[in-house]
Amino acid sequence: MNKYQSRLQKGRQIIINSKIKLGYGTDMVAVHNNYESGWEYNAWLSNGMDPFRALQAATKTNAEICEIADKVGTIEPGKFADISAWKRDLLKDPDALRDCAFVMKEGKIYPAESRIAEEC
């Protein structure tokens with residue numbers, strides 16, 4: 001392991017162990033397009049991030065950072081909410097976010113395509 005790699009790993013551990021408000025959609029996975037954000041989830045979990053924290057970062061925390069938490073970010077009366085479901089266990093499988101089963105928007109269900117199947 002080179003010195004740069006060990007410093008990156010140490011920096012990630014500092015972030016993981018901190019109470020910093022960390023939003024989802026960072027440059028942590030800069031080699032993928034925005035619509036491929038499932039790779040970021042994989043990177044977060046593979047580096048030891050708690051899956052609840054990663055999911056909250058993508059929803060509630062991002063809404064707070066963008067100062068729109070009064071409208072989105074959590075599922076509760078008076079807020080806009082799109083609901084998604086996954087075929088895999090989001091708490092245990094780092095690839096789960098790339099295998100969406102469906103999205104519900106305004107009460108209508110939209111099918112989703114797996115981003116994993118096309119990689120095989």
# chains A, B, ... in the order shown; residues from 1 in each chain; ligands from 1
>>> residues_around(residues="Ala81 in chain A", least_positions_apart="4", cutoff="10 Å", atoms="only C-alpha atoms", output="PyMOL selection string")
chain A and resi 71-77+104-107
>>> residues_around(residues="Arg98 in chain A", least_positions_apart="5", cutoff="7 Å", atoms="only C-alpha atoms", output="list in words")
Gly38, Ser114, Arg115 and Ile116 of chain A
>>> write_last_selection(atoms="all heavy atoms", output="compact mmCIF listing (two decimals), in the first residue's frame")
# COMPACT_ATOMS: atom_id res chain seq x y z
N GLY A 38 -25.85 4.67 -7.95
CA GLY A 38 -25.74 3.42 -7.20
C GLY A 38 -24.30 3.03 -6.94
O GLY A 38 -24.00 2.36 -5.95
N SER A 114 -32.96 -2.80 -14.08
CA SER A 114 -31.78 -3.08 -13.27
C SER A 114 -30.55 -2.52 -13.97
O SER A 114 -30.39 -2.67 -15.18
CB SER A 114 -31.63 -4.58 -13.07
OG SER A 114 -30.40 -4.84 -12.42
N ARG A 115 -29.69 -1.87 -13.22
CA ARG A 115 -28.42 -1.38 -13.76
C ARG A 115 -27.36 -2.46 -13.61
O ARG A 115 -26.24 -2.30 -14.07
CB ARG A 115 -27.98 -0.11 -13.05
CG ARG A 115 -28.97 1.05 -13.07
CD ARG A 115 -29.55 1.35 -14.41
NE ARG A 115 -28.57 1.94 -15.31
CZ ARG A 115 -28.84 2.32 -16.55
NH1 ARG A 115 -30.05 2.15 -17.03
NH2 ARG A 115 -27.92 2.83 -17.30
N ILE A 116 -27.71 -3.55 -12.97
CA ILE A 116 -26.77 -4.65 -12.79
C ILE A 116 -26.83 -5.60 -13.97
O ILE A 116 -25.81 -6.07 -14.45
CB ILE A 116 -27.06 -5.40 -11.46
CG1 ILE A 116 -26.76 -4.46 -10.31
CG2 ILE A 116 -26.23 -6.67 -11.37
CD1 ILE A 116 -27.08 -5.00 -8.96
>>> residues_around(residues="range 53-67 of chain A", least_positions_apart="5", cutoff="10 Å", atoms="only C-alpha atoms", output="list of chain:residue names")
A:Ile16, A:Lys21, A:Leu22, A:Gly23, A:Tyr24, A:Gly25, A:Ser37, A:Glu40, A:Tyr41, A:Asn42, A:Trp44, A:Leu45, A:Val72, A:Gly73, A:Thr74, A:Ile75, A:Leu90, A:Leu91, A:Leu97
>>> write_last_selection(atoms="N, CA and C atoms", output="PDB file, in the first residue's frame")
ATOM      1  N   ILE A  16     -16.211   8.844   8.200  1.00  0.00           N
ATOM      2  CA  ILE A  16     -17.175   7.846   8.664  1.00  0.00           C
ATOM      3  C   ILE A  16     -17.410   7.966  10.159  1.00  0.00           C
ATOM      4  N   LYS A  21     -22.377  16.496   8.706  1.00  0.00           N
ATOM      5  CA  LYS A  21     -23.544  16.328   7.841  1.00  0.00           C
ATOM      6  C   LYS A  21     -23.020  16.058   6.435  1.00  0.00           C
ATOM      7  N   LEU A  22     -23.167  14.825   6.008  1.00  0.00           N
ATOM      8  CA  LEU A  22     -22.587  14.382   4.755  1.00  0.00           C
ATOM      9  C   LEU A  22     -23.680  14.104   3.743  1.00  0.00           C
ATOM     10  N   GLY A  23     -23.682  14.853   2.651  1.00  0.00           N
ATOM     11  CA  GLY A  23     -24.681  14.681   1.609  1.00  0.00           C
ATOM     12  C   GLY A  23     -24.260  13.647   0.582  1.00  0.00           C
ATOM     13  N   TYR A  24     -25.238  13.086  -0.072  1.00  0.00           N
ATOM     14  CA  TYR A  24     -25.014  12.075  -1.106  1.00  0.00           C
ATOM     15  C   TYR A  24     -24.888  12.776  -2.451  1.00  0.00           C
ATOM     16  N   GLY A  25     -24.042  12.240  -3.322  1.00  0.00           N
ATOM     17  CA  GLY A  25     -23.844  12.857  -4.622  1.00  0.00           C
ATOM     18  C   GLY A  25     -22.547  13.632  -4.655  1.00  0.00           C
ATOM     19  N   SER A  37     -25.736   6.764  -9.731  1.00  0.00           N
ATOM     20  CA  SER A  37     -25.408   7.035  -8.333  1.00  0.00           C
ATOM     21  C   SER A  37     -25.364   5.790  -7.459  1.00  0.00           C
ATOM     22  N   GLU A  40     -22.016   5.096  -6.106  1.00  0.00           N
ATOM     23  CA  GLU A  40     -21.591   5.837  -4.921  1.00  0.00           C
ATOM     24  C   GLU A  40     -22.021   5.090  -3.663  1.00  0.00           C
ATOM     25  N   TYR A  41     -23.240   4.542  -3.690  1.00  0.00           N
ATOM     26  CA  TYR A  41     -23.723   3.758  -2.550  1.00  0.00           C
ATOM     27  C   TYR A  41     -22.779   2.584  -2.296  1.00  0.00           C
ATOM     28  N   ASN A  42     -22.379   1.921  -3.350  1.00  0.00           N
ATOM     29  CA  ASN A  42     -21.440   0.810  -3.232  1.00  0.00           C
ATOM     30  C   ASN A  42     -20.140   1.287  -2.578  1.00  0.00           C
ATOM     31  N   TRP A  44     -19.646   3.923  -0.626  1.00  0.00           N
ATOM     32  CA  TRP A  44     -19.870   4.285   0.773  1.00  0.00           C
ATOM     33  C   TRP A  44     -19.869   3.027   1.641  1.00  0.00           C
ATOM     34  N   LEU A  45     -20.676   2.032   1.261  1.00  0.00           N
ATOM     35  CA  LEU A  45     -20.780   0.822   2.068  1.00  0.00           C
ATOM     36  C   LEU A  45     -19.479   0.031   2.067  1.00  0.00           C
ATOM     37  N   VAL A  72     -39.387  18.161   0.818  1.00  0.00           N
ATOM     38  CA  VAL A  72     -38.954  16.809   0.437  1.00  0.00           C
ATOM     39  C   VAL A  72     -37.971  16.259   1.473  1.00  0.00           C
ATOM     40  N   GLY A  73     -37.566  15.018   1.272  1.00  0.00           N
ATOM     41  CA  GLY A  73     -36.524  14.432   2.108  1.00  0.00           C
ATOM     42  C   GLY A  73     -37.013  13.372   3.073  1.00  0.00           C
ATOM     43  N   THR A  74     -38.281  13.447   3.451  1.00  0.00           N
ATOM     44  CA  THR A  74     -38.887  12.452   4.325  1.00  0.00           C
ATOM     45  C   THR A  74     -40.306  12.197   3.825  1.00  0.00           C
ATOM     46  N   ILE A  75     -40.860  11.061   4.198  1.00  0.00           N
ATOM     47  CA  ILE A  75     -42.231  10.736   3.817  1.00  0.00           C
ATOM     48  C   ILE A  75     -43.140  11.126   4.971  1.00  0.00           C
ATOM     49  N   LEU A  90     -31.021  -3.375   0.839  1.00  0.00           N
ATOM     50  CA  LEU A  90     -30.215  -2.148   0.845  1.00  0.00           C
ATOM     51  C   LEU A  90     -29.271  -2.061   2.048  1.00  0.00           C
ATOM     52  N   LEU A  91     -29.592  -2.760   3.109  1.00  0.00           N
ATOM     53  CA  LEU A  91     -28.767  -2.678   4.314  1.00  0.00           C
ATOM     54  C   LEU A  91     -27.572  -3.629   4.282  1.00  0.00           C
ATOM     55  N   LEU A  97     -28.650  -0.652  -4.668  1.00  0.00           N
ATOM     56  CA  LEU A  97     -29.220   0.591  -5.208  1.00  0.00           C
ATOM     57  C   LEU A  97     -29.246   0.602  -6.735  1.00  0.00           C
TER      58      LEU A  97
END
>>> select_by_dssp(residues="chain A", states="strand (DSSP E or B)", output="PDB file with N, CA and C atoms, in the first residue's frame")
ATOM      1  N   ILE A  83     -41.601   7.294  -4.092  1.00  0.00           N
ATOM      2  CA  ILE A  83     -41.230   6.119  -3.307  1.00  0.00           C
ATOM      3  C   ILE A  83     -40.642   5.077  -4.245  1.00  0.00           C
ATOM      4  N   SER A  84     -39.551   4.487  -3.821  1.00  0.00           N
ATOM      5  CA  SER A  84     -38.873   3.469  -4.620  1.00  0.00           C
ATOM      6  C   SER A  84     -38.775   2.175  -3.824  1.00  0.00           C
ATOM      7  N   ALA A  85     -38.676   1.070  -4.537  1.00  0.00           N
ATOM      8  CA  ALA A  85     -38.479  -0.234  -3.909  1.00  0.00           C
ATOM      9  C   ALA A  85     -37.362  -0.968  -4.630  1.00  0.00           C
ATOM     10  N   TRP A  86     -36.650  -1.778  -3.886  1.00  0.00           N
ATOM     11  CA  TRP A  86     -35.516  -2.495  -4.444  1.00  0.00           C
ATOM     12  C   TRP A  86     -35.698  -3.993  -4.346  1.00  0.00           C
ATOM     13  N   CYS A 100     -33.159  -1.371  -8.827  1.00  0.00           N
ATOM     14  CA  CYS A 100     -34.456  -0.828  -8.417  1.00  0.00           C
ATOM     15  C   CYS A 100     -35.596  -1.636  -9.040  1.00  0.00           C
ATOM     16  N   ALA A 101     -36.621  -1.928  -8.242  1.00  0.00           N
ATOM     17  CA  ALA A 101     -37.784  -2.687  -8.727  1.00  0.00           C
ATOM     18  C   ALA A 101     -38.826  -1.763  -9.348  1.00  0.00           C
ATOM     19  N   PHE A 102     -39.115  -0.634  -8.676  1.00  0.00           N
ATOM     20  CA  PHE A 102     -40.075   0.327  -9.227  1.00  0.00           C
ATOM     21  C   PHE A 102     -39.958   1.660  -8.507  1.00  0.00           C
ATOM     22  N   VAL A 103     -40.535   2.671  -9.122  1.00  0.00           N
ATOM     23  CA  VAL A 103     -40.641   4.004  -8.536  1.00  0.00           C
ATOM     24  C   VAL A 103     -42.109   4.398  -8.584  1.00  0.00           C
ATOM     25  N   MET A 104     -42.609   4.965  -7.492  1.00  0.00           N
ATOM     26  CA  MET A 104     -43.976   5.473  -7.471  1.00  0.00           C
ATOM     27  C   MET A 104     -43.918   6.997  -7.375  1.00  0.00           C
ATOM     28  N   LYS A 105     -44.558   7.649  -8.330  1.00  0.00           N
ATOM     29  CA  LYS A 105     -44.613   9.112  -8.359  1.00  0.00           C
ATOM     30  C   LYS A 105     -46.063   9.522  -8.525  1.00  0.00           C
ATOM     31  N   LYS A 108     -48.604   6.801  -9.173  1.00  0.00           N
ATOM     32  CA  LYS A 108     -48.457   5.939 -10.341  1.00  0.00           C
ATOM     33  C   LYS A 108     -47.136   5.182 -10.252  1.00  0.00           C
ATOM     34  N   ILE A 109     -47.187   3.870 -10.508  1.00  0.00           N
ATOM     35  CA  ILE A 109     -45.988   3.040 -10.436  1.00  0.00           C
ATOM     36  C   ILE A 109     -45.310   2.976 -11.807  1.00  0.00           C
ATOM     37  N   TYR A 110     -44.020   3.239 -11.796  1.00  0.00           N
ATOM     38  CA  TYR A 110     -43.207   3.182 -13.001  1.00  0.00           C
ATOM     39  C   TYR A 110     -42.198   2.045 -12.842  1.00  0.00           C
ATOM     40  N   PRO A 111     -42.112   1.145 -13.807  1.00  0.00           N
ATOM     41  CA  PRO A 111     -41.116   0.068 -13.705  1.00  0.00           C
ATOM     42  C   PRO A 111     -39.708   0.637 -13.837  1.00  0.00           C
TER      43      PRO A 111
END
>>> atom_distance(atom1="CA of Phe52 in chain A", atom2="CA of Asp89 in chain A")
12.0 Å
>>> atom_distance(atom1="CA of Lys87 in chain A", atom2="CA of Ala69 in chain A")
27.7 Å
>>> atom_distance(atom1="CA of Ile20 in chain A", atom2="CA of Asp50 in chain A")
13.6 Å
>>> residues_around(residues="Gly11 in chain A", least_positions_apart="6", cutoff="12 Å", atoms="only C-alpha atoms", output="PyMOL selection string")
chain A and resi 4-5+17-18+28+47
>>> write_last_selection(atoms="N, CA and C atoms", output="mmCIF file, in the first residue's frame")
data_model
loop_
_atom_site.group_PDB
_atom_site.id
_atom_site.type_symbol
_atom_site.label_atom_id
_atom_site.label_comp_id
_atom_site.auth_asym_id
_atom_site.auth_seq_id
_atom_site.Cartn_x
_atom_site.Cartn_y
_atom_site.Cartn_z
ATOM 1 N N TYR A 4 -0.100 7.440 -0.362
ATOM 2 C CA TYR A 4 -1.309 8.158 -0.779
ATOM 3 C C TYR A 4 -2.562 7.343 -0.474
ATOM 4 N N GLN A 5 -2.513 6.046 -0.774
ATOM 5 C CA GLN A 5 -3.654 5.172 -0.532
ATOM 6 C C GLN A 5 -3.978 5.103 0.963
ATOM 7 N N ASN A 17 -16.365 8.217 10.922
ATOM 8 C CA ASN A 17 -16.480 8.297 12.378
ATOM 9 C C ASN A 17 -16.924 9.664 12.878
ATOM 10 N N SER A 18 -17.072 10.624 11.987
ATOM 11 C CA SER A 18 -17.465 11.977 12.397
ATOM 12 C C SER A 18 -18.984 12.107 12.458
ATOM 13 N N MET A 28 -17.022 11.348 -4.549
ATOM 14 C CA MET A 28 -16.392 10.120 -4.080
ATOM 15 C C MET A 28 -16.257 9.094 -5.205
ATOM 16 N N ASN A 47 -16.602 1.129 2.018
ATOM 17 C CA ASN A 47 -15.624 1.811 2.865
ATOM 18 C C ASN A 47 -16.044 1.843 4.333
#
